[in-house]
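*Asks:* Quick one: structure below, then a few questions.
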Amino acid sequence: MQDLTSITHETLLLEVRKQLPHPVDTESQLDGTIVLTGGKPGEVIVRVNDDEVSIAVFAIRWDGPHTPVVNPRELAKFNWKLLPASQTIEAVQGFISSAVQLRRAEYRQCEKCGETKPPEWMLDKWVCHSCAEQHLGVTY
Ligand SMILES: [Zn+2]
C-alpha cells in the first residue's frame, strides 16, 4: 500500500534547500513564511508556510532606475499537507528545475565584455549595464 503520510515542515525545508541552486539565502517573514532564494544572482524563489509551498522564477522589476524590486513569477503553489511526502518532493524537484531553466533562458551574453548576465543587468539585448556606462556614456 502506498504511504500517504505528508512530509514534515522540517523535511520539506531540507528537501527544498537540497534542490535549489546554491548559494541558498533563507529569510523568515513575520507571518512565519520561510522564503528561500537559490542562486546568485537569484534563480528560484520558494516560499514555505504551515501548509503551502510555492515555487517561482526569480525576476527583477525596476521601480525607477536605481531601485530593483524582486518580482517573482509564480509557477506553482500547492498544499503540501494534503499530499503524500513522495509526491511533494517530486513536485518541488520538478518545479525548481523548470524555474531554473526558465530563468537561465533569459540570460544574455553581452557583446562588449562577453559575460553572460541576467536580464536585469542588461541595458538591451546586446549590452550590459556596466559596459553601457563604460563605453557608451550611459549613466544611471
Ligand atoms: Zn558587458
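Please note that chains go A, B, ... in the order of the C-alpha cells, that every chain numbers its residues from 1, and that ligands are numbered from 1 in the order shown.
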Around ligand 1, out to 9 Å and counting only C-alpha atoms and all ligand atoms, which residues are there? I want them as a list in words.
*Replies:*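 What falls inside 9 Å of ligand 1 is Gln109, Cys110, Glu111, Lys112, Cys113, Gly114, Glu115, Thr116, Lys117, Met122, Trp126, Val127, Cys128, His129, Ser130, Cys131 and Ala132 of chain A.
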*Asks:* Let's have the selection written as an mmCIF file, in the first residue's frame, with N, CA and C atoms.
*Replies:*
data_model
loop_
_atom_site.group_PDB
_atom_site.id
_atom_site.type_symbol
_atom_site.label_atom_id
_atom_site.label_comp_id
_atom_site.auth_asym_id
_atom_site.auth_seq_id
_atom_site.Cartn_x
_atom_site.Cartn_y
_atom_site.Cartn_z
ATOM 1 N N GLN A 109 24.220 37.173 -23.393
ATOM 2 C CA GLN A 109 25.653 37.422 -23.409
ATOM 3 C C GLN A 109 25.903 38.830 -23.928
ATOM 4 N N CYS A 110 26.660 39.595 -23.150
ATOM 5 C CA CYS A 110 26.971 40.973 -23.545
ATOM 6 C C CYS A 110 27.975 40.955 -24.691
ATOM 7 N N GLU A 111 27.696 41.755 -25.710
ATOM 8 C CA GLU A 111 28.594 41.788 -26.881
ATOM 9 C C GLU A 111 29.916 42.461 -26.580
ATOM 10 N N LYS A 112 29.957 43.311 -25.560
ATOM 11 C CA LYS A 112 31.187 44.053 -25.244
ATOM 12 C C LYS A 112 32.131 43.242 -24.365
ATOM 13 N N CYS A 113 31.626 42.741 -23.233
ATOM 14 C CA CYS A 113 32.522 42.042 -22.302
ATOM 15 C C CYS A 113 32.421 40.527 -22.423
ATOM 16 N N GLY A 114 31.440 40.038 -23.159
ATOM 17 C CA GLY A 114 31.311 38.602 -23.376
ATOM 18 C C GLY A 114 30.744 37.846 -22.198
ATOM 19 N N GLU A 115 30.374 38.536 -21.123
ATOM 20 C CA GLU A 115 29.832 37.849 -19.958
ATOM 21 C C GLU A 115 28.345 37.561 -20.127
ATOM 22 N N THR A 116 27.933 36.448 -19.557
ATOM 23 C CA THR A 116 26.513 36.099 -19.586
ATOM 24 C C THR A 116 25.856 36.652 -18.338
ATOM 25 N N LYS A 117 24.818 37.442 -18.514
ATOM 26 C CA LYS A 117 24.209 38.143 -17.380
ATOM 27 C C LYS A 117 22.700 38.011 -17.385
ATOM 28 N N MET A 122 21.120 43.877 -18.036
ATOM 29 C CA MET A 122 21.337 44.225 -19.436
ATOM 30 C C MET A 122 20.588 45.521 -19.763
ATOM 31 N N TRP A 126 21.847 43.387 -26.152
ATOM 32 C CA TRP A 126 23.239 43.226 -26.567
ATOM 33 C C TRP A 126 24.279 43.715 -25.565
ATOM 34 N N VAL A 127 23.943 44.740 -24.785
ATOM 35 C CA VAL A 127 24.959 45.390 -23.951
ATOM 36 C C VAL A 127 24.520 45.413 -22.478
ATOM 37 N N CYS A 128 25.475 45.048 -21.575
ATOM 38 C CA CYS A 128 25.137 45.051 -20.161
ATOM 39 C C CYS A 128 25.261 46.462 -19.576
ATOM 40 N N HIS A 129 24.716 46.649 -18.389
ATOM 41 C CA HIS A 129 24.734 47.969 -17.755
ATOM 42 C C HIS A 129 26.145 48.510 -17.555
ATOM 43 N N SER A 130 27.079 47.662 -17.075
ATOM 44 C CA SER A 130 28.403 48.217 -16.783
ATOM 45 C C SER A 130 29.131 48.610 -18.066
ATOM 46 N N CYS A 131 28.959 47.833 -19.145
ATOM 47 C CA CYS A 131 29.579 48.219 -20.415
ATOM 48 C C CYS A 131 28.906 49.474 -20.979
ATOM 49 N N ALA A 132 27.610 49.580 -20.775
ATOM 50 C CA ALA A 132 26.885 50.755 -21.268
ATOM 51 C C ALA A 132 27.456 52.012 -20.602
#
*Asks:* With only C-alpha atoms as the counted atoms, please give the residues lying no more than 10 Å from segment 80-92 of chain A, apart from itself and same-chain residues fewer than 3 positions off, as a PDB file with C-alpha atoms, in the first residue's frame.
*Replies:*
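To be explicit, this is the file written out as out-v3.pdb:
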ATOM      1  CA  GLN A   2       1.190   3.470  -0.765  1.00  0.00           C
ATOM      2  CA  ASP A   3       2.265   5.604   2.164  1.00  0.00           C
ATOM      3  CA  LEU A   4       0.058   8.690   2.187  1.00  0.00           C
ATOM      4  CA  THR A   5       1.770  10.425   5.095  1.00  0.00           C
ATOM      5  CA  SER A   6       2.618  14.018   4.275  1.00  0.00           C
ATOM      6  CA  ILE A   7       6.089  15.471   4.594  1.00  0.00           C
ATOM      7  CA  THR A   8       7.046  17.402   7.736  1.00  0.00           C
ATOM      8  CA  HIS A   9       7.767  21.118   7.592  1.00  0.00           C
ATOM      9  CA  THR A  11      11.953  17.757   5.881  1.00  0.00           C
ATOM     10  CA  LEU A  12      10.307  19.932   3.258  1.00  0.00           C
ATOM     11  CA  GLU A  15      14.491  18.999   0.568  1.00  0.00           C
ATOM     12  CA  VAL A  16      13.975  22.473  -0.923  1.00  0.00           C
ATOM     13  CA  GLN A  19      17.190  21.056  -4.731  1.00  0.00           C
ATOM     14  CA  LEU A  20      17.803  24.792  -5.062  1.00  0.00           C
ATOM     15  CA  VAL A  46      10.492  29.015  -2.870  1.00  0.00           C
ATOM     16  CA  VAL A  48       7.018  27.616   2.554  1.00  0.00           C
ATOM     17  CA  ASN A  49       4.407  28.200   5.229  1.00  0.00           C
ATOM     18  CA  ASP A  50       2.342  25.941   7.516  1.00  0.00           C
ATOM     19  CA  ASP A  51       0.501  24.243   4.702  1.00  0.00           C
ATOM     20  CA  GLU A  52       1.531  25.748   1.375  1.00  0.00           C
ATOM     21  CA  VAL A  53       4.636  25.718  -0.754  1.00  0.00           C
ATOM     22  CA  SER A  54       5.102  27.895  -3.818  1.00  0.00           C
ATOM     23  CA  ILE A  55       7.832  27.849  -6.441  1.00  0.00           C
ATOM     24  CA  ALA A  76       3.027  26.576  -8.787  1.00  0.00           C
ATOM     25  CA  LYS A  77       1.540  26.615  -5.339  1.00  0.00           C
ATOM     26  CA  PHE A  95       9.093  22.937 -10.492  1.00  0.00           C
ATOM     27  CA  ILE A  96      12.503  24.038  -9.178  1.00  0.00           C
ATOM     28  CA  SER A  97      14.236  22.629 -12.230  1.00  0.00           C
ATOM     29  CA  SER A  98      11.673  24.278 -14.549  1.00  0.00           C
TER      30      SER A  98
END
*Asks:* Based on the backbone DSSP call, show me all residues of segment 4-113 of chain A assigned strand (DSSP E), as a ChimeraX atom specification.
*Replies:* /A:24-28,34-38,44-48,52-57,60-62,68-70,73-79,108-109
*Asks:* Filtering to N, CA and C atoms, could you give me those residues as a short mmCIF file (atom, residue, chain, number, x, y, z; two decimals), in the first residue's frame?
*Replies:*
data_model
loop_
_atom_site.label_atom_id
_atom_site.label_comp_id
_atom_site.auth_asym_id
_atom_site.auth_seq_id
_atom_site.Cartn_x
_atom_site.Cartn_y
_atom_site.Cartn_z
N VAL A 24 22.06 29.28 -1.21
CA VAL A 24 20.65 29.44 -0.85
C VAL A 24 20.54 30.47 0.28
N ASP A 25 19.72 31.46 0.05
CA ASP A 25 19.52 32.52 1.02
C ASP A 25 18.16 32.27 1.70
N THR A 26 18.14 32.20 3.02
CA THR A 26 16.89 31.90 3.72
C THR A 26 16.44 33.10 4.54
N GLU A 27 15.16 33.40 4.44
CA GLU A 27 14.62 34.55 5.15
C GLU A 27 13.29 34.15 5.80
N SER A 28 13.13 34.49 7.09
CA SER A 28 11.86 34.20 7.76
C SER A 28 11.05 35.48 7.82
N ILE A 34 8.70 30.98 5.32
CA ILE A 34 10.13 30.91 5.05
C ILE A 34 10.33 31.12 3.55
N VAL A 35 11.18 32.07 3.21
CA VAL A 35 11.44 32.36 1.80
C VAL A 35 12.87 31.94 1.49
N LEU A 36 13.02 31.01 0.56
CA LEU A 36 14.35 30.54 0.19
C LEU A 36 14.64 30.97 -1.24
N THR A 37 15.76 31.66 -1.43
CA THR A 37 16.15 32.10 -2.76
C THR A 37 17.41 31.35 -3.16
N GLY A 38 17.36 30.67 -4.29
CA GLY A 38 18.51 29.88 -4.73
C GLY A 38 19.21 30.55 -5.89
N VAL A 44 15.66 31.01 -8.39
CA VAL A 44 14.39 30.41 -7.98
C VAL A 44 14.03 30.91 -6.59
N ILE A 45 12.75 31.19 -6.36
CA ILE A 45 12.29 31.56 -5.03
C ILE A 45 11.23 30.57 -4.58
N VAL A 46 11.46 29.95 -3.42
CA VAL A 46 10.49 29.01 -2.87
C VAL A 46 9.98 29.58 -1.55
N ARG A 47 8.68 29.58 -1.38
CA ARG A 47 8.08 30.06 -0.13
C ARG A 47 7.37 28.89 0.53
N VAL A 48 7.64 28.73 1.82
CA VAL A 48 7.02 27.62 2.55
C VAL A 48 6.32 28.18 3.78
N GLU A 52 1.33 25.55 2.81
CA GLU A 52 1.53 25.75 1.38
C GLU A 52 3.00 25.89 1.02
N VAL A 53 3.31 25.46 -0.20
CA VAL A 53 4.64 25.72 -0.75
C VAL A 53 4.42 26.32 -2.14
N SER A 54 5.20 27.34 -2.47
CA SER A 54 5.10 27.90 -3.82
C SER A 54 6.50 28.00 -4.42
N ILE A 55 6.56 27.80 -5.73
CA ILE A 55 7.83 27.85 -6.44
C ILE A 55 7.70 28.92 -7.52
N ALA A 56 8.67 29.83 -7.57
CA ALA A 56 8.59 30.94 -8.52
C ALA A 56 9.93 31.16 -9.20
N VAL A 57 9.86 31.72 -10.42
CA VAL A 57 11.05 32.13 -11.14
C VAL A 57 11.47 33.48 -10.59
N ILE A 60 13.33 40.49 -11.62
CA ILE A 60 13.51 41.83 -11.07
C ILE A 60 12.67 42.80 -11.87
N ARG A 61 12.05 43.71 -11.15
CA ARG A 61 11.32 44.80 -11.80
C ARG A 61 11.97 46.08 -11.29
N TRP A 62 12.07 47.09 -12.15
CA TRP A 62 12.71 48.35 -11.72
C TRP A 62 11.65 49.36 -11.33
N PRO A 68 15.89 48.25 -7.86
CA PRO A 68 15.42 46.93 -8.29
C PRO A 68 14.53 46.30 -7.23
N VAL A 69 13.40 45.77 -7.66
CA VAL A 69 12.48 45.12 -6.73
C VAL A 69 12.30 43.67 -7.18
N VAL A 70 12.47 42.74 -6.24
CA VAL A 70 12.29 41.34 -6.59
C VAL A 70 10.81 41.09 -6.88
N ARG A 73 7.88 35.35 -10.36
CA ARG A 73 6.78 34.87 -11.21
C ARG A 73 6.44 33.44 -10.79
N GLU A 74 5.30 33.31 -10.16
CA GLU A 74 4.93 32.03 -9.55
C GLU A 74 4.57 30.97 -10.59
N LEU A 75 5.17 29.79 -10.45
CA LEU A 75 4.87 28.68 -11.35
C LEU A 75 3.82 27.76 -10.75
N ALA A 76 3.92 27.55 -9.42
CA ALA A 76 3.03 26.58 -8.79
C ALA A 76 2.91 26.85 -7.31
N LYS A 77 1.76 26.50 -6.77
CA LYS A 77 1.54 26.62 -5.34
C LYS A 77 0.62 25.47 -4.95
N PHE A 78 0.97 24.73 -3.93
CA PHE A 78 0.08 23.65 -3.52
C PHE A 78 0.16 23.39 -2.03
N ASN A 79 -0.83 22.62 -1.56
CA ASN A 79 -0.92 22.31 -0.14
C ASN A 79 -0.13 21.04 0.14
N ARG A 108 21.51 36.80 -21.10
CA ARG A 108 22.04 37.22 -22.38
C ARG A 108 23.54 37.42 -22.27
N GLN A 109 24.22 37.17 -23.39
CA GLN A 109 25.65 37.42 -23.41
C GLN A 109 25.90 38.83 -23.93
#
*Asks:* When DSSP works through the backbone of this structure, what residues of chain A end up as helix (DSSP H, G or I), shown as a PDB file with C-alpha atoms, in the first residue's frame?
*Replies:*
ATOM      1  CA  HIS A   9       7.767  21.118   7.592  1.00  0.00           C
ATOM      2  CA  GLU A  10      11.383  20.429   8.534  1.00  0.00           C
ATOM      3  CA  THR A  11      11.953  17.757   5.881  1.00  0.00           C
ATOM      4  CA  LEU A  12      10.307  19.932   3.258  1.00  0.00           C
ATOM      5  CA  LEU A  13      12.729  22.777   4.016  1.00  0.00           C
ATOM      6  CA  LEU A  14      15.684  20.381   3.877  1.00  0.00           C
ATOM      7  CA  GLU A  15      14.491  18.999   0.568  1.00  0.00           C
ATOM      8  CA  VAL A  16      13.975  22.473  -0.923  1.00  0.00           C
ATOM      9  CA  ARG A  17      17.457  23.530   0.211  1.00  0.00           C
ATOM     10  CA  LYS A  18      18.934  20.435  -1.394  1.00  0.00           C
ATOM     11  CA  GLN A  19      17.190  21.056  -4.731  1.00  0.00           C
ATOM     12  CA  ALA A  85       5.595  13.104   1.043  1.00  0.00           C
ATOM     13  CA  SER A  86       6.940  11.422  -2.101  1.00  0.00           C
ATOM     14  CA  GLN A  87       4.632  13.468  -4.347  1.00  0.00           C
ATOM     15  CA  THR A  88       5.513  16.724  -2.648  1.00  0.00           C
ATOM     16  CA  ILE A  89       9.225  16.010  -3.129  1.00  0.00           C
ATOM     17  CA  GLU A  90       8.704  15.092  -6.762  1.00  0.00           C
ATOM     18  CA  ALA A  91       6.644  18.215  -7.464  1.00  0.00           C
ATOM     19  CA  VAL A  92       9.128  20.503  -5.711  1.00  0.00           C
ATOM     20  CA  GLN A  93      12.027  18.996  -7.690  1.00  0.00           C
ATOM     21  CA  GLY A  94      10.180  19.335 -10.985  1.00  0.00           C
ATOM     22  CA  PHE A  95       9.093  22.937 -10.492  1.00  0.00           C
ATOM     23  CA  ILE A  96      12.503  24.038  -9.178  1.00  0.00           C
ATOM     24  CA  SER A  97      14.236  22.629 -12.230  1.00  0.00           C
ATOM     25  CA  SER A  98      11.673  24.278 -14.549  1.00  0.00           C
ATOM     26  CA  ALA A  99      12.175  27.596 -12.777  1.00  0.00           C
ATOM     27  CA  VAL A 100      15.977  27.332 -13.184  1.00  0.00           C
ATOM     28  CA  GLN A 101      15.577  26.589 -16.899  1.00  0.00           C
ATOM     29  CA  LEU A 102      13.165  29.478 -17.438  1.00  0.00           C
ATOM     30  CA  ARG A 103      15.401  31.915 -15.601  1.00  0.00           C
ATOM     31  CA  ARG A 104      18.589  30.849 -17.389  1.00  0.00           C
ATOM     32  CA  ALA A 105      16.863  31.050 -20.765  1.00  0.00           C
ATOM     33  CA  PRO A 119      18.167  40.352 -17.950  1.00  0.00           C
ATOM     34  CA  GLU A 120      18.044  42.981 -15.193  1.00  0.00           C
ATOM     35  CA  TRP A 121      21.766  43.640 -15.727  1.00  0.00           C
ATOM     36  CA  HIS A 129      24.734  47.969 -17.755  1.00  0.00           C
ATOM     37  CA  SER A 130      28.403  48.217 -16.783  1.00  0.00           C
ATOM     38  CA  CYS A 131      29.579  48.219 -20.415  1.00  0.00           C
ATOM     39  CA  ALA A 132      26.885  50.755 -21.268  1.00  0.00           C
ATOM     40  CA  GLU A 133      28.306  53.052 -18.594  1.00  0.00           C
ATOM     41  CA  GLN A 134      31.921  52.489 -19.598  1.00  0.00           C
ATOM     42  CA  HIS A 135      31.693  52.507 -23.366  1.00  0.00           C
ATOM     43  CA  LEU A 136      28.528  54.263 -24.322  1.00  0.00           C
TER      44      LEU A 136
END
